[in-house]
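Q: Sending over a structure as structure tokens; questions will come in a sec.
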Amino acid sequence: MILVIVVAVLALLAGLAANRFLRPRLLSEDDDTGMAVKDLVGPLLTLTVLLLAFVLVTANGSYGKAEVASRGEARAVDQLVEAAEYAPAAQKAAIQADAVCYARAVRTQEWPAMADGNGSAAPSVWSTDLRRVFREVEGKPVFGMLVAADNKRSEEREERLTQATASIPSAILWFLLATLVITVMALGICLPRRNNRGQVATLVVITALLTTTLCIIRDVDRPFGGIINVEPGAITEVERQATRDFLTHHTAADLPCDDQGNRRAA
């Protein structure tokens with residue numbers, strides 16, 4: 001970073017020195033002629049737009065990964081429930097119950113926590129209990145299916161939690177905001193002082209578009225906490241199906257957790 005700053009400062013000093021000493025020899029123009037402020041605003045606006053576009057693509061990629069991970073986790077939980085059909089009756093009931101409780105804990109506790117970039121310990125209670133049940137069927141054909149599905153669930157959950165944190169550092173967002181302010185101010189300086197209604201209206205539109213883009217970047221960079229957020233629809237649907245399968249042969253009172261995914265008191 002220091003090298004970049006030093007090179008940039010040296011380039012600026014070299015440019016000013018060239019303007020001072022080389023310009024009279026290379027150009028026959030008067031010293032008062034040259035690029036006006038408005039000539040420099042165009043490249044500045046282009047730079048601002050390119051920066052916003054690049055960061056928007058990065059934020060959108062993080063949002064997409066969060067959505068894919070959420071759906072992948074839900075599919076893995078659903079596979080656990082389906083694989084449990086091949087397990088003995090006692091283990092089948094335990095796995096389906098743990099799957100219901102896990103989905104509830106994710107939906108009601110971990111999802112709201114991810115709005116602030118955090119996770120929750122509640123789902124881990126049931127993933128640990130799932131592995132305990134798996135040991136009871138070790139050596140049986142269903143064991144490999146259950147372990148594979150649970151490993152997939154664990155990987156997708158880890159990816160979901162990773163994407164819950166902001167992928168764009170705050171320093172970059174502040175830099176983009178500063179660039180936006182400088183660009184808008186420079187455009188404002190270049191406007192004519194009279195008969196400028198059309199130019200002022202255009203400046204307002206440009207400012208609104210740049211501001212909206214920056215707001216979208218900030219919102220999309222928080223996949224679980226912004227206006228454009230990833231909803232827990234997939235895990236909710238899996239919870240509904242797993243609950244339906246469990247209640248086919250059991251009652252709601254047989255579930256080891258409450259509606260929030262917390263373990264019931266003994």
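We label chains A, B, ... in the order they appear in the structure tokens, count residues from 1 in each chain, and number ligands from 1 in the order shown.
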Please identify the helix (DSSP H, G or I) residues within stretch 19-236 of chain A (assignment by DSSP from backbone atoms) and present them as a count of residues only.

A: 172

Q: List the neighbours of stretch 230-234 of chain A out to 7 Å using only C-alpha atoms; skip same-chain residues closer than 4 positions along the sequence, and give me the result as a list in words.

A: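 Listed by chain and then number, they are Glu67, Arg71, Ala74, Arg107, Pro223, Phe224 and Val238 of chain A.
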
Q: Could you turn the residues from that selection into a file that holds N, CA, C and O atoms, as a short mmCIF file (atom, residue, chain, number, x, y, z; two decimals), in the first residue's frame?

A:
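Output file selection-v8.cif is given in full below:
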```cif
data_model
loop_
_atom_site.label_atom_id
_atom_site.label_comp_id
_atom_site.auth_asym_id
_atom_site.auth_seq_id
_atom_site.Cartn_x
_atom_site.Cartn_y
_atom_site.Cartn_z
N GLU A 67 -27.98 -17.29 -1.06
CA GLU A 67 -29.25 -17.92 -1.45
C GLU A 67 -29.04 -19.39 -1.83
O GLU A 67 -29.83 -20.26 -1.44
N ARG A 71 -30.64 -22.79 0.16
CA ARG A 71 -31.42 -23.84 -0.49
C ARG A 71 -30.73 -25.20 -0.40
O ARG A 71 -31.36 -26.23 -0.24
N ALA A 74 -31.32 -26.67 2.98
CA ALA A 74 -32.67 -27.20 3.09
C ALA A 74 -32.80 -28.55 2.39
O ALA A 74 -33.44 -29.48 2.90
N ARG A 107 -34.77 -21.39 11.44
CA ARG A 107 -35.75 -20.40 10.97
C ARG A 107 -36.03 -19.33 12.01
O ARG A 107 -36.09 -18.13 11.68
N PRO A 223 -27.07 -10.11 2.97
CA PRO A 223 -28.11 -10.95 2.35
C PRO A 223 -29.27 -11.28 3.27
O PRO A 223 -30.37 -11.56 2.80
N PHE A 224 -29.05 -11.23 4.58
CA PHE A 224 -30.10 -11.65 5.51
C PHE A 224 -30.63 -10.49 6.37
O PHE A 224 -31.43 -10.73 7.27
N VAL A 238 -39.11 -27.31 4.29
CA VAL A 238 -38.57 -28.58 4.77
C VAL A 238 -39.08 -28.88 6.18
O VAL A 238 -39.40 -30.03 6.50
#
```

Q: Please tabulate, as CSV, the residues of stretch 124-185 of chain A that come within 9 Å of stretch 116-119 of chain A, each with its closest pair of atoms and the distance in Å to one decimal, counting only C-alpha atoms and ordering rows by chain, then residue number upward.

A:
```
residue,atom,partner,partner_atom,distance
A:Leu161,CA,A:Gly119,CA,6.5
A:Thr162,CA,A:Gly117,CA,8.5
A:Gln163,CA,A:Gly117,CA,8.4
A:Ala164,CA,A:Gly117,CA,5.0
A:Thr165,CA,A:Gly117,CA,4.5
A:Ala166,CA,A:Gly117,CA,7.3
```

Q: So which residues touch stretch 121-132 of chain A within 8 Å, counting only C-alpha atoms, skipping near sequence neighbours fewer than 5 positions away, as a PyMOL selection string?

A: chain A and resi 94-95+98-99+101-103+105-106+109-110+261-262

Q: For the residues selected in the previous step, produce a file with N, CA and C atoms as an mmCIF file, in the first residue's frame.

A:
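Once written, selection-v5.cif looks like this:
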```cif
data_model
loop_
_atom_site.group_PDB
_atom_site.id
_atom_site.type_symbol
_atom_site.label_atom_id
_atom_site.label_comp_id
_atom_site.auth_asym_id
_atom_site.auth_seq_id
_atom_site.Cartn_x
_atom_site.Cartn_y
_atom_site.Cartn_z
ATOM 1 N N ALA A 94 -36.195 -40.528 15.795
ATOM 2 C CA ALA A 94 -35.259 -39.575 16.393
ATOM 3 C C ALA A 94 -34.679 -38.635 15.333
ATOM 4 N N ILE A 95 -34.340 -39.193 14.168
ATOM 5 C CA ILE A 95 -33.764 -38.363 13.105
ATOM 6 C C ILE A 95 -34.784 -37.370 12.572
ATOM 7 N N ASP A 98 -35.241 -34.645 15.181
ATOM 8 C CA ASP A 98 -34.096 -33.723 15.204
ATOM 9 C C ASP A 98 -34.094 -32.809 13.984
ATOM 10 N N ALA A 99 -34.507 -33.345 12.838
ATOM 11 C CA ALA A 99 -34.569 -32.526 11.624
ATOM 12 C C ALA A 99 -35.600 -31.407 11.778
ATOM 13 N N CYS A 101 -36.598 -30.053 14.614
ATOM 14 C CA CYS A 101 -36.087 -29.101 15.599
ATOM 15 C C CYS A 101 -34.948 -28.263 15.015
ATOM 16 N N TYR A 102 -34.111 -28.890 14.213
ATOM 17 C CA TYR A 102 -33.023 -28.151 13.569
ATOM 18 C C TYR A 102 -33.585 -27.069 12.654
ATOM 19 N N ALA A 103 -34.560 -27.432 11.830
ATOM 20 C CA ALA A 103 -35.158 -26.467 10.909
ATOM 21 C C ALA A 103 -35.829 -25.330 11.679
ATOM 22 N N ALA A 105 -34.981 -24.215 14.672
ATOM 23 C CA ALA A 105 -33.942 -23.383 15.274
ATOM 24 C C ALA A 105 -33.307 -22.464 14.234
ATOM 25 N N VAL A 106 -33.106 -22.982 13.028
ATOM 26 C CA VAL A 106 -32.537 -22.156 11.956
ATOM 27 C C VAL A 106 -33.497 -21.028 11.591
ATOM 28 N N GLN A 109 -34.331 -18.688 15.107
ATOM 29 C CA GLN A 109 -33.257 -18.112 15.918
ATOM 30 C C GLN A 109 -32.042 -17.684 15.093
ATOM 31 N N GLU A 110 -31.586 -18.566 14.209
ATOM 32 C CA GLU A 110 -30.373 -18.220 13.475
ATOM 33 C C GLU A 110 -30.639 -17.207 12.368
ATOM 34 N N GLY A 261 -37.512 -24.158 18.487
ATOM 35 C CA GLY A 261 -36.351 -25.032 18.289
ATOM 36 C C GLY A 261 -35.525 -25.225 19.523
ATOM 37 N N ASN A 262 -36.017 -24.846 20.696
ATOM 38 C CA ASN A 262 -35.306 -25.053 21.951
ATOM 39 C C ASN A 262 -35.692 -26.378 22.572
#
```

Q: What gap, in Å, lies between atom CA of A:Val205 and atom CA of A:Leu50?

A: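 Separation of atom CA of A:Val205 and atom CA of A:Leu50: 17.7 Å.
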
Q: Of the residues A:Glu73, A:Asp254, A:Asp219, A:Glu85, which is the one nearest to A:Ser154, using only C-alpha atoms?

A: A:Glu73

Q: Counting only C-alpha atoms, give me one row per residue of stretch 23-125 of chain A with an atom at most 7 Å from an atom of stretch 244-247 of chain A, showing the shortest contact pair and its distance in Å to one decimal, sorted by chain then residue number, as a tab-separated table.

A:
```
residue	atom	partner	partner_atom	distance
A:Ala93	CA	A:Phe246	CA	6.8
A:Gln96	CA	A:Phe246	CA	6.1
A:Ala97	CA	A:Phe246	CA	6.7
```

Q: Mind dumping the selected residues with C-alpha atoms as an mmCIF file, in the first residue's frame?

A:
```cif
data_model
loop_
_atom_site.group_PDB
_atom_site.id
_atom_site.type_symbol
_atom_site.label_atom_id
_atom_site.label_comp_id
_atom_site.auth_asym_id
_atom_site.auth_seq_id
_atom_site.Cartn_x
_atom_site.Cartn_y
_atom_site.Cartn_z
ATOM 1 C CA ALA A 93 -38.291 -41.165 14.700
ATOM 2 C CA GLN A 96 -37.030 -36.910 11.856
ATOM 3 C CA ALA A 97 -37.609 -35.184 15.190
#
```

Q: Nearest to A:Gln241: which of A:Ala148, A:Val200, A:Val100, A:Leu176 is it, counting only C-alpha atoms?

A: A:Val100

Q: Choose the residue, out of A:Glu82, A:Asp221, A:Glu159, A:Glu138, that has the smallest atom-to-atom separation from A:Val55; count only C-alpha atoms.

A: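 Ranking A:Glu82, A:Asp221, A:Glu159, A:Glu138 by distance to A:Val55, first place goes to A:Asp221.
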
Q: What does the distance from atom CA of A:Pro88 to atom CA of A:Thr248 come to in Å, to one decimal?

A: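 Rounded to one decimal, the two atoms are 15.8 Å apart.
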
Q: What separation in Å, quoted to one decimal, exists between atom CA of A:Phe134 and atom CA of A:Thr108?

A: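 Straight-line distance from atom CA of A:Phe134 to atom CA of A:Thr108 works out to 25.5 Å.
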
Q: Give me, as a PyMOL selection string, all polymer residues having an atom no more than 7 Å from A:Ile217, counting only C-alpha atoms and skipping those fewer than 3 positions away in the same chain.

A: chain A and resi 56+59+213-214+220-221

Q: Now that the selection is made, can you save its residues with N, CA and C atoms as a tab-separated table (two decimals), in the first residue's frame?

A:
```tsv
chain	number	residue	atom	x	y	z
A	56	LEU	N	-20.77	-3.49	-6.95
A	56	LEU	CA	-22.12	-4.06	-7.01
A	56	LEU	C	-22.08	-5.52	-7.47
A	59	ALA	N	-20.91	-7.59	-4.48
A	59	ALA	CA	-21.96	-7.75	-3.47
A	59	ALA	C	-23.04	-8.70	-3.96
A	213	THR	N	-27.55	3.29	-6.39
A	213	THR	CA	-26.61	2.19	-6.61
A	213	THR	C	-25.82	1.88	-5.35
A	214	LEU	N	-25.36	2.91	-4.66
A	214	LEU	CA	-24.60	2.70	-3.43
A	214	LEU	C	-25.48	2.08	-2.34
A	220	VAL	N	-27.53	-5.29	-0.56
A	220	VAL	CA	-27.27	-6.64	-1.07
A	220	VAL	C	-26.09	-7.28	-0.34
A	221	ASP	N	-25.19	-6.45	0.18
A	221	ASP	CA	-24.03	-6.98	0.89
A	221	ASP	C	-24.43	-7.58	2.23
```
